[in-house]
Amino acid sequence: MSNMSHKGIVDVRSARVILSRFLLPLEIERAGIVNTFGRTLAQDLVAQSPVPPHGSAAIDGYAVIASDTAGATGSNPMAVSVLSSSKPGGKALEPGTAMRVRRNDPLPKNADAVVELGSTYRPENGAQLFILDEVMQAANVIPAGSVSPAGRVVLPVGIPIGDCEMEMITALGCHGVPVRRRPKISVITSGADIVDSFGDIDPGECRNATRYALVGMVLGSGCELGRLIHVKDGRLGIQRALGQCEGSDAVIVSISSHERHDLSLEAIAAVGTRHFNRVQMEPGNCGFGIAFDRPVFAIENKYALEAFEAIIRPGLMMLLGGRNLDRPKIVAHLASTLKLNPGTTHYIRALTSVHNGTN
C-alpha cells in the first residue's frame with residue numbers, strides 16, 4: 001500500500017478506482033432468509049426446478065376442466081359438483097367437478113382453467129356450482145415455470161436483497177443464502193464545540209447531529225456499526241481514535257466546520273498512508289487513506305451527506321460485493337437554473353414532485 005502514489009485532488013471516477021484497490025468484497029457466509037434483508041447476494045441463485053413448480057390460480061375463483069364450461073351462458077349455465085378445497089394441489093378433478101381456489105393456490109390435478117367468482121352461482125354455498133360463462137383452456141392460470149424455467153439464473157450475484165428478492169429466494173427453496181458479511185464501520189467525529197448531550201448546551205456549542213446522520217447512512221447501506229468516538233483535541237485525538245477502531249472494516253472521520261480538512265488527513269498520514277486529499281465535487285469534500293491497515297474516509301460535518309453519496313457509499317458497496325454503485329436515476333425538469341463549474345461533479349439536494357405524470 002505504501003507504494004501507491006499519493007494524489008492531491010481527484011475526480012469522482014478516479015476516487016472510486018482508488019477505492020476499488022483497497023475495498024475488496026468481504027468473505028462469503030450463509031444466512032437464513034430472515035437475516036438476508038439489506039445484504040448483497042454473493043453467488044448467482046439458479047432455479048433448480050421450475051418457478052412456480054406447478055400451475056396455480058391467477059385469481060380467486062373455481063378451478064375447472066375448461067371443456068366442462070363449453071357453451072355456458074347466463075341463460076344456459078353449466079352445473080358441476082364442488083369438491084372439498086382443502087389442499088387443492090394434492091387433489092384431482094374429474095369431469096363435471098370444480099374446486100374453490102384462491103389467488104396463487106396450486107391447481108388440483110387435471111384442472112386447466114379458473115372461472116372467476118363473478119361468473120358463477122353457488123346456491124347457499126352448497127355442493128352444486130352453476131357456471132355462467134365459458135372459459136378457455138389456461139384461462140386465469142399461472143403456468144408452471146412462468147417465472148423461471150429450471151436452470152435459469154433468477155437472482156444475479158451482487159444484487160441487494162430486499163423484500164421482493166426475499167420472496168423469490170423463498171420460492172426457489174434456498175437454504176442458507178450466500179451473502180457477503182456485513183462490513184463493520186466506525187464513525188469518528190471531531191470538534192471542541194460539539195457535544196453529545198441531549199440536554200441543555202452552552203452558547204457556542206452544538207449537538208453532534210452529524211454522528212447520527214452518519215449512523216443512519218451506514219445502517220441504511222446494509223452495514224453494521226463499529227465504534228462511535230468523539231474527540232475534542234484535534235489531530236492527536238483523531239490519531240488515538242483511529243487506533244481504537246479494532247475490528248472495523250472501514251472508518252469515517254468527520255470534522256467540525258471550524259476545523260481544517262487537512263487535520264484528519266494529517267492524522268491518517270501520521271499512522272498510515274494518504275491516497276487522495278480531495279475530490280472534485282461541489283458541495284462537499286472527501287479524502288481517503290489507510291490507517292492501521294483500515295480504510296479511512298475523511299469528510300466535513302456540513303457536507304456529510306454529499307460525501308457519503310459520492311464516495312463513501314460506493315466504497316461500502318464494494319465491501320458488500322455490490323455490482324451497481326450508483327443510486328437509480330430519474331429524469332426531472334428543473335424549476336430553476338443551476339450554475340455549475342465545468343470539470344466538477346455536483347451533488348445538489350433537491351425536492352422532487354410529480355405534476356401531470358412528469359417529475
# chains A, B, ... in the order shown; residues from 1 in each chain; ligands from 1
call {"tool": "residues_around", "arguments": {"residues": "stretch 339-346 of chain A", "least_positions_apart": "6", "cutoff": "10 Å", "atoms": "only C-alpha atoms", "output": "ChimeraX atom specification"}}
result
/A:11-13,279-284,306,310
call {"tool": "write_last_selection", "arguments": {"atoms": "N, CA, C and O atoms", "output": "short mmCIF file (atom, residue, chain, number, x, y, z; two decimals), in the first residue's frame"}}
result
data_model
loop_
_atom_site.label_atom_id
_atom_site.label_comp_id
_atom_site.auth_asym_id
_atom_site.auth_seq_id
_atom_site.Cartn_x
_atom_site.Cartn_y
_atom_site.Cartn_z
N ASP A 11 -10.91 13.36 -9.47
CA ASP A 11 -12.33 13.44 -9.77
C ASP A 11 -13.04 12.24 -9.15
O ASP A 11 -12.40 11.32 -8.62
N VAL A 12 -14.37 12.23 -9.22
CA VAL A 12 -15.15 11.18 -8.56
C VAL A 12 -14.80 9.81 -9.12
O VAL A 12 -14.62 8.84 -8.39
N ARG A 13 -14.70 9.72 -10.43
CA ARG A 13 -14.41 8.43 -11.05
C ARG A 13 -13.05 7.90 -10.61
O ARG A 13 -12.91 6.71 -10.26
N VAL A 279 -11.72 15.57 -3.47
CA VAL A 279 -12.42 15.12 -4.67
C VAL A 279 -13.01 16.35 -5.35
O VAL A 279 -13.52 17.25 -4.68
N GLN A 280 -12.96 16.36 -6.68
CA GLN A 280 -13.53 17.47 -7.44
C GLN A 280 -15.05 17.35 -7.44
O GLN A 280 -15.65 16.85 -8.39
N MET A 281 -15.67 17.81 -6.39
CA MET A 281 -17.12 17.75 -6.25
C MET A 281 -17.59 18.98 -5.49
O MET A 281 -16.84 19.57 -4.71
N GLU A 282 -18.81 19.38 -5.77
CA GLU A 282 -19.42 20.51 -5.07
C GLU A 282 -20.86 20.16 -4.76
O GLU A 282 -21.57 19.61 -5.61
N PRO A 283 -21.35 20.54 -3.57
CA PRO A 283 -20.51 20.93 -2.43
C PRO A 283 -19.90 19.69 -1.80
O PRO A 283 -20.21 18.58 -2.19
N GLY A 284 -19.07 19.90 -0.79
CA GLY A 284 -18.54 18.77 -0.05
C GLY A 284 -17.11 18.45 -0.42
O GLY A 284 -16.53 19.03 -1.34
N GLU A 306 -23.39 14.67 1.11
CA GLU A 306 -22.85 14.70 -0.24
C GLU A 306 -21.62 13.77 -0.35
O GLU A 306 -21.49 13.01 -1.32
N ALA A 310 -21.38 10.42 -2.75
CA ALA A 310 -20.42 10.43 -3.86
C ALA A 310 -19.33 9.39 -3.70
O ALA A 310 -18.94 8.73 -4.67
#
call {"tool": "select_by_dssp", "arguments": {"residues": "stretch 173-319 of chain A", "states": "strand (DSSP E)", "output": "number ranges by chain"}}
result
A: 177-180, 184-190, 194-195, 206-207, 224-231, 250-255, 272-279, 281-282, 286-291, 294-300
call {"tool": "residues_around", "arguments": {"residues": "A:Leu93", "least_positions_apart": "5", "cutoff": "10 Å", "atoms": "only C-alpha atoms", "output": "list in words"}}
result
Ala63, Val64, Ile65, Val82, Leu83, Pro88, Ala98, Met99, Leu107, Pro108, Lys109, Asn110, Ala111 and Asp112 of chain A
call {"tool": "residues_around", "arguments": {"residues": "stretch 266-278 of chain A", "least_positions_apart": "3", "cutoff": "7 Å", "atoms": "only C-alpha atoms", "output": "ChimeraX atom specification"}}
result
/A:2,5-10,235-236,238-239,262-263,285-292
call {"tool": "residues_around", "arguments": {"residues": "stretch 22-31 of chain A", "least_positions_apart": "6", "cutoff": "10 Å", "atoms": "only C-alpha atoms", "output": "PyMOL selection string"}}
result
chain A and resi 1+16+37+39-43+175-183+249-250+289-290+293-295+314-322
call {"tool": "closest_residue", "arguments": {"among": "A:Gly118, A:Gly32, A:Pro328, A:Gly237", "to": "A:Leu132", "atoms": "only C-alpha atoms"}}
result
A:Gly118
call {"tool": "select_by_dssp", "arguments": {"residues": "stretch 131-235 of chain A", "states": "alpha helix (DSSP H)", "output": "PDB file with C-alpha atoms, in the first residue's frame"}}
result
ATOM      1  CA  ASP A 163     -38.450  -7.745   0.137  1.00  0.00           C
ATOM      2  CA  CYS A 164     -39.082  -8.891  -3.451  1.00  0.00           C
ATOM      3  CA  GLU A 165     -35.769 -10.747  -3.529  1.00  0.00           C
ATOM      4  CA  MET A 166     -36.606 -12.447  -0.234  1.00  0.00           C
ATOM      5  CA  GLU A 167     -39.886 -13.631  -1.744  1.00  0.00           C
ATOM      6  CA  MET A 168     -38.059 -15.052  -4.763  1.00  0.00           C
ATOM      7  CA  ILE A 169     -35.385 -16.714  -2.612  1.00  0.00           C
ATOM      8  CA  THR A 170     -38.149 -18.426  -0.657  1.00  0.00           C
ATOM      9  CA  ALA A 171     -39.870 -19.503  -3.894  1.00  0.00           C
ATOM     10  CA  LEU A 172     -36.579 -21.053  -5.020  1.00  0.00           C
ATOM     11  CA  ALA A 209     -26.096  15.673  14.749  1.00  0.00           C
ATOM     12  CA  THR A 210     -23.705  14.552  12.020  1.00  0.00           C
ATOM     13  CA  ARG A 211     -22.714  11.471  14.032  1.00  0.00           C
ATOM     14  CA  TYR A 212     -26.267  10.175  13.985  1.00  0.00           C
ATOM     15  CA  ALA A 213     -26.838  11.148  10.365  1.00  0.00           C
ATOM     16  CA  LEU A 214     -23.820   9.001   9.512  1.00  0.00           C
ATOM     17  CA  VAL A 215     -25.121   6.200  11.728  1.00  0.00           C
ATOM     18  CA  GLY A 216     -28.342   6.200   9.692  1.00  0.00           C
ATOM     19  CA  MET A 217     -26.442   6.259   6.388  1.00  0.00           C
ATOM     20  CA  VAL A 218     -24.183   3.386   7.449  1.00  0.00           C
ATOM     21  CA  LEU A 219     -27.082   1.225   8.636  1.00  0.00           C
ATOM     22  CA  GLY A 220     -29.116   2.137   5.561  1.00  0.00           C
ATOM     23  CA  GLY A 234      -7.692  17.756  17.054  1.00  0.00           C
ATOM     24  CA  ARG A 235      -5.150  15.709  15.128  1.00  0.00           C
TER      25      ARG A 235
END
call {"tool": "residues_around", "arguments": {"residues": "A:Val135", "least_positions_apart": "3", "cutoff": "8 Å", "atoms": "only C-alpha atoms", "output": "short mmCIF file (atom, residue, chain, number, x, y, z; two decimals) with C-alpha atoms, in the first residue's frame"}}
result
data_model
loop_
_atom_site.label_atom_id
_atom_site.label_comp_id
_atom_site.auth_asym_id
_atom_site.auth_seq_id
_atom_site.Cartn_x
_atom_site.Cartn_y
_atom_site.Cartn_z
CA ALA A 66 -62.28 -25.98 -19.36
CA THR A 69 -67.76 -24.93 -19.36
CA ALA A 70 -68.33 -25.19 -23.12
CA ALA A 113 -58.66 -23.16 -16.10
CA VAL A 114 -60.09 -20.96 -13.37
CA VAL A 115 -63.56 -19.40 -13.51
CA ALA A 139 -57.67 -19.01 -18.60
#
call {"tool": "closest_residue", "arguments": {"among": "A:Pro160, A:Ile312, A:Gly38, A:Ala304", "to": "A:Glu224", "atoms": "only C-alpha atoms"}}
result
A:Gly38
call {"tool": "residues_around", "arguments": {"residues": "stretch 185-199 of chain A", "least_positions_apart": "4", "cutoff": "7 Å", "atoms": "only C-alpha atoms", "output": "VMD selection string"}}
result
chain A and resid 204 to 208 211 223 to 234 245 248 to 256
call {"tool": "atom_distance", "arguments": {"atom1": "atom CA of A:Pro77", "atom2": "atom CA of A:Ala127"}}
result
15.5 Å
call {"tool": "closest_residue", "arguments": {"among": "A:Thr36, A:Pro50, A:Ile311, A:Gly126", "to": "A:Val147", "atoms": "only C-alpha atoms"}}
result
A:Pro50
